[in-house]
Every structure is written in C-alpha cells, then in structure tokens.
Amino acid sequence: MNHVERFRAVMNFQPVDRLPRWEWAMWWDETIARWHSEGLPRELRFSQVIEIAEYFGLDPYQQFWFSTTDPTIEATQHHVEGIVANLDDYLRLRPQLFPDHSAAIRSMAPWAERQRRGDAVVWCTVEGFFWFPRTLMGFEKLMFAFGDQPELLHQINRDLLEFNFRLLDEIFRVCVPTFMTVAEDMSYNLGPMISKRTFDAFVAPYYRELVPRLAERGIPLFMDTDGDVTLLVPWLEELGVRGVLPLERQAGVDGMKLRRRFPSLLMIGHFNKLTMNQGEAAMRAEFERLVPLMKTGGFIPSVDHQTPPGVSLEQYREYLRLLNEYTAL
C-alpha cells in the first residue's frame, strides 16, 4: 500500500499492511536544538519538518495551516490575543485579518501531485469558531462576551466561515486534501471550556455549514483540541466532525473507552510523551496500552503532542524503533 491508501484504509476501518508512522506535531524547537548537540545534522533546522521526518524514516505528509492573521501556510499559531473588546474594535481590525493565501495555495501543487501518486498525505488546517474569537479577545473577555456581546461573536464567526469557504474554493482548485483539521483547543484537563448550551449557540451553527462542504469531497474533518475530549466527542459527532487529536493521556483521555462509546470516531495521537525519556520498558508498556486501540482501526498512534526537549536523540530513536515494531501489526 502507498501512504495515501494506507491512511484512507485506516480511517475507513479497513485492513492495512501496517499503520502509518507519524509525528503529527512538529518537534519543539528546543528539542531540535538539543538533538543538534547529540548528532542530528545541523542543516536540519527546526522549520524543516518534512526533511526531519524523512531523516527519521517517518511517513511523509505535509500540513498546510491557513492562518486568519498571516499569509503563510506554515503550521504555526498566530495569536494576537486580547486586542478586541467590542464590535467597534473588531470592525477597525477586520481589514487587517483574513489574508490572501492565493500564492501559498498555488505552492500546494507539487504536494497535490505527490498525493495523487500516493507518495504523501496532504493535510490542511483552518482556524475554528472558538479558537478565532479567543485569539482576538483573549480568554477572559471571550467568556464574558458569550453573555454580553453575542452579536460580536456571531459577526466574527460569520466572517470566519466566509473566509474558510473562500479558502476551500481556492484550495480545491489545486488539491483536495486527504484530511483536514479545525484548530480549536477548546478543552482542558477537566473537559470542554464552554458548556454544551454555549457550544450549540455560538460554535455548532458554523460547523453545520462547514462540514457538508468537506463531506461532499470525502474529506474527514478532525478537531485539534488539547485536554480531555471525552465530553466533547458526542457534541462533535452530532455535527459530523469525524475525528479528534491529540488525545492527551496526561489529561486522562482513554482511547479505548472512547472507542467503545463511539465506534466510528477517528483518532490520532494518544502516546503519552511523558514516557519517552523513561526508557524502553516504559515506552513499550505505553505501546502495549495502545495495542487494543490500534487493532480496532480508525486510529494512528503518535506522540500526544510535540516531542519535548527532555527527550534525547537516543531516546527518540528508541521510540521510533518501538513505533516501527508496534505499527507493523
């Protein structure tokens, strides 16, 4: 199987020759700096995610992150937190938002060809309807705005939805990605940051318009949200959001419990990064914990967030050896 066939088969709960081998989030910059002192070639800089993945023998994919504030396609967060307090602030700022990504989208063409050949998975990320208002307002002001300024939040998210639709129209002329994520980060270690009532009023309406645009192209949509997603998953399934990542173990997420409750849920991540500097036995035990979930399909094991700088290059190579062993099925 090629890489695209393998990904699609896993996400359709079909048999595969082996599971994909991914580092779904780029390594910390401090991690790469440490590894340079331990033998990683210095020409492999932090920003060279694809080259580093190829160096380690990981399966190739390319993520394109379409920011609301910066005309790049790099997978980075673009926070301008706290600069909006009311509708007037937002309307003054709006001309500086929603950049033109057309040049960046044209640069996707070589990756579209690689995807067509099955050589690489193309993954696109847009910013979501909790993430973007929080980016503009900061967390505290956003929480008050749900009660005090609903018209502001709906204006922001209507504009965001229109921006994302324009992006999709441009993207689809160049490439139909293998899958997409919406950046939200709307959960923490005790669950969602907002209530179901607030979610239904301010977030869900925009997903109900976005998801069908992707479904008609056969693109599975994942929500990228840290923390404990357990309570959030049924809210997402109601909207047609098919997957979640990164399933942080230290937040108490249990992938097998999710699988039993939500048999069709797609998942990426869930390998506890805190075991990676504890030796082979600890890492092997973590993989053994994941084996039952791996056997169910619809799941790609990967570090449950970026590999931290406490992990040496030697320890990471040991992790990769075990990843190769356990994903061989």
# chains A, B, ... in the order shown; residues from 1 in each chain; ligands from 1

call {"tool": "closest_atom_pairs", "arguments": {"of": "region 208-316 of chain A", "to": "region 187-201 of chain A", "cutoff": "9 Å", "atoms": "only C-alpha atoms", "output": "JSON lines"}}
result
{"residue": "A:Thr225", "atom": "CA", "partner": "A:Ser187", "partner_atom": "CA", "distance": 6.1}
{"residue": "A:Asp226", "atom": "CA", "partner": "A:Ser187", "partner_atom": "CA", "distance": 5.9}
{"residue": "A:Gly227", "atom": "CA", "partner": "A:Tyr188", "partner_atom": "CA", "distance": 3.9}
{"residue": "A:Asp228", "atom": "CA", "partner": "A:Gly191", "partner_atom": "CA", "distance": 4.9}
{"residue": "A:Val229", "atom": "CA", "partner": "A:Gly191", "partner_atom": "CA", "distance": 6.0}
{"residue": "A:Thr230", "atom": "CA", "partner": "A:Gly191", "partner_atom": "CA", "distance": 7.0}
{"residue": "A:Leu231", "atom": "CA", "partner": "A:Gly191", "partner_atom": "CA", "distance": 6.3}
{"residue": "A:Leu232", "atom": "CA", "partner": "A:Pro192", "partner_atom": "CA", "distance": 6.2}
{"residue": "A:Trp235", "atom": "CA", "partner": "A:Lys196", "partner_atom": "CA", "distance": 7.6}
{"residue": "A:Glu248", "atom": "CA", "partner": "A:Asn189", "partner_atom": "CA", "distance": 8.8}
{"residue": "A:Gln250", "atom": "CA", "partner": "A:Asn189", "partner_atom": "CA", "distance": 8.0}
{"residue": "A:Ala251", "atom": "CA", "partner": "A:Asn189", "partner_atom": "CA", "distance": 4.6}
{"residue": "A:Gly252", "atom": "CA", "partner": "A:Asn189", "partner_atom": "CA", "distance": 7.2}
{"residue": "A:Val253", "atom": "CA", "partner": "A:Asn189", "partner_atom": "CA", "distance": 8.9}

call {"tool": "write_last_selection", "arguments": {"atoms": "N, CA and C atoms", "output": "PDB file, in the first residue's frame"}}
result
ATOM      1  N   THR A 225      -7.829  19.652  19.442  1.00  0.00           N
ATOM      2  CA  THR A 225      -8.087  20.257  20.748  1.00  0.00           C
ATOM      3  C   THR A 225      -7.355  19.472  21.807  1.00  0.00           C
ATOM      4  N   ASP A 226      -6.649  20.184  22.671  1.00  0.00           N
ATOM      5  CA  ASP A 226      -5.890  19.543  23.741  1.00  0.00           C
ATOM      6  C   ASP A 226      -6.825  19.136  24.872  1.00  0.00           C
ATOM      7  N   GLY A 227      -6.237  18.594  25.938  1.00  0.00           N
ATOM      8  CA  GLY A 227      -7.005  18.290  27.140  1.00  0.00           C
ATOM      9  C   GLY A 227      -7.883  17.066  26.987  1.00  0.00           C
ATOM     10  N   ASP A 228      -8.896  16.991  27.850  1.00  0.00           N
ATOM     11  CA  ASP A 228      -9.798  15.838  27.880  1.00  0.00           C
ATOM     12  C   ASP A 228     -10.974  16.087  26.948  1.00  0.00           C
ATOM     13  N   VAL A 229     -11.046  15.298  25.870  1.00  0.00           N
ATOM     14  CA  VAL A 229     -12.090  15.482  24.852  1.00  0.00           C
ATOM     15  C   VAL A 229     -13.308  14.604  25.093  1.00  0.00           C
ATOM     16  N   THR A 230     -13.325  13.843  26.171  1.00  0.00           N
ATOM     17  CA  THR A 230     -14.351  12.817  26.357  1.00  0.00           C
ATOM     18  C   THR A 230     -15.758  13.389  26.276  1.00  0.00           C
ATOM     19  N   LEU A 231     -16.027  14.486  26.985  1.00  0.00           N
ATOM     20  CA  LEU A 231     -17.364  15.078  26.973  1.00  0.00           C
ATOM     21  C   LEU A 231     -17.662  15.796  25.663  1.00  0.00           C
ATOM     22  N   LEU A 232     -16.616  16.213  24.972  1.00  0.00           N
ATOM     23  CA  LEU A 232     -16.773  16.971  23.743  1.00  0.00           C
ATOM     24  C   LEU A 232     -17.129  16.088  22.548  1.00  0.00           C
ATOM     25  N   TRP A 235     -20.680  15.933  21.188  1.00  0.00           N
ATOM     26  CA  TRP A 235     -21.068  17.194  20.563  1.00  0.00           C
ATOM     27  C   TRP A 235     -20.572  17.245  19.122  1.00  0.00           C
ATOM     28  N   GLU A 248      -4.659  13.646  24.646  1.00  0.00           N
ATOM     29  CA  GLU A 248      -3.575  13.738  25.625  1.00  0.00           C
ATOM     30  C   GLU A 248      -3.814  12.805  26.812  1.00  0.00           C
ATOM     31  N   GLN A 250      -2.089  12.589  29.613  1.00  0.00           N
ATOM     32  CA  GLN A 250      -1.943  13.219  30.923  1.00  0.00           C
ATOM     33  C   GLN A 250      -3.191  13.994  31.326  1.00  0.00           C
ATOM     34  N   ALA A 251      -4.102  14.214  30.378  1.00  0.00           N
ATOM     35  CA  ALA A 251      -5.387  14.838  30.700  1.00  0.00           C
ATOM     36  C   ALA A 251      -6.442  13.799  31.058  1.00  0.00           C
ATOM     37  N   GLY A 252      -6.058  12.529  31.068  1.00  0.00           N
ATOM     38  CA  GLY A 252      -6.978  11.476  31.466  1.00  0.00           C
ATOM     39  C   GLY A 252      -7.764  10.847  30.339  1.00  0.00           C
ATOM     40  N   VAL A 253      -7.440  11.179  29.085  1.00  0.00           N
ATOM     41  CA  VAL A 253      -8.161  10.587  27.958  1.00  0.00           C
ATOM     42  C   VAL A 253      -7.871   9.089  27.891  1.00  0.00           C
TER      43      VAL A 253
END

call {"tool": "residues_around", "arguments": {"residues": "Ser107 (chain A)", "least_positions_apart": "4", "cutoff": "12 Å", "atoms": "only C-alpha atoms", "output": "list of chain:residue names"}}
result
A:Gln62, A:Phe64, A:Thr72, A:Ile73, A:Glu74, A:His101, A:Ser102, A:Ala103, A:Trp111, A:Ala112, A:Glu113, A:Glu170, A:Ile171, A:Val174, A:Cys175

call {"tool": "write_last_selection", "arguments": {"atoms": "C-alpha atoms", "output": "mmCIF file, in the first residue's frame"}}
result
data_model
loop_
_atom_site.group_PDB
_atom_site.id
_atom_site.type_symbol
_atom_site.label_atom_id
_atom_site.label_comp_id
_atom_site.auth_asym_id
_atom_site.auth_seq_id
_atom_site.Cartn_x
_atom_site.Cartn_y
_atom_site.Cartn_z
ATOM 1 C CA GLN A 62 2.561 17.922 4.602
ATOM 2 C CA PHE A 64 -0.802 23.483 5.428
ATOM 3 C CA THR A 72 1.610 31.776 5.301
ATOM 4 C CA ILE A 73 0.964 28.055 5.083
ATOM 5 C CA GLU A 74 3.284 27.149 7.933
ATOM 6 C CA HIS A 101 -3.400 32.909 0.683
ATOM 7 C CA SER A 102 -3.549 32.507 -3.099
ATOM 8 C CA ALA A 103 0.218 32.397 -3.639
ATOM 9 C CA TRP A 111 2.146 18.159 -2.897
ATOM 10 C CA ALA A 112 -1.100 17.566 -4.741
ATOM 11 C CA GLU A 113 0.894 15.592 -7.303
ATOM 12 C CA GLU A 170 -9.175 28.112 -3.828
ATOM 13 C CA ILE A 171 -7.672 25.004 -2.244
ATOM 14 C CA VAL A 174 -5.320 22.921 -6.618
ATOM 15 C CA CYS A 175 -5.704 19.962 -4.254
#

call {"tool": "closest_atom_pairs", "arguments": {"of": "region 160-228 of chain A", "to": "region 116-127 of chain A", "cutoff": "8 Å", "atoms": "only C-alpha atoms", "output": "tab-separated table"}}
result
residue	atom	partner	partner_atom	distance
A:Asn164	CA	A:Val126	CA	7.0
A:Pro177	CA	A:Val122	CA	5.0
A:Thr178	CA	A:Val122	CA	5.4
A:Phe179	CA	A:Trp123	CA	5.3
A:Met180	CA	A:Cys124	CA	4.8
A:Thr181	CA	A:Thr125	CA	4.8
A:Val182	CA	A:Val126	CA	5.1
A:Ala183	CA	A:Glu127	CA	4.8
A:Glu184	CA	A:Glu127	CA	6.8

call {"tool": "atom_distance", "arguments": {"atom1": "CA of Leu293 (chain A)", "atom2": "CA of Gly255 (chain A)"}}
result
6.8 Å

call {"tool": "residues_around", "arguments": {"residues": "Arg166 (chain A)", "least_positions_apart": "3", "cutoff": "12 Å", "atoms": "only C-alpha atoms", "output": "PyMOL selection string"}}
result
chain A and resi 66+98-102+105+126+159-163+169-173+210+213

call {"tool": "closest_residue", "arguments": {"among": "A:Gln149, A:Met256, A:Glu314, A:Leu221", "to": "Leu40 (chain A)", "atoms": "only C-alpha atoms"}}
result
A:Glu314

call {"tool": "atom_distance", "arguments": {"atom1": "CA of Gln115 (chain A)", "atom2": "CA of Val4 (chain A)"}}
result
6.7 Å

call {"tool": "select_by_dssp", "arguments": {"residues": "region 19-219 of chain A", "states": "alpha helix (DSSP H)", "output": "JSON, numbers by chain"}}
result
{"A": [29, 30, 31, 32, 33, 34, 35, 36, 49, 50, 51, 52, 53, 54, 55, 87, 88, 89, 90, 91, 92, 93, 102, 103, 104, 105, 106, 109, 110, 111, 112, 113, 114, 115, 116, 117, 131, 132, 133, 134, 135, 136, 137, 139, 140, 141, 142, 143, 144, 145, 146, 147, 148, 150, 151, 152, 153, 154, 155, 156, 157, 158, 159, 160, 161, 162, 163, 164, 165, 166, 167, 168, 169, 170, 171, 172, 173, 174, 196, 197, 198, 199, 200, 201, 202, 204, 205, 206, 207, 208, 209, 210, 211, 212, 213, 214, 215]}
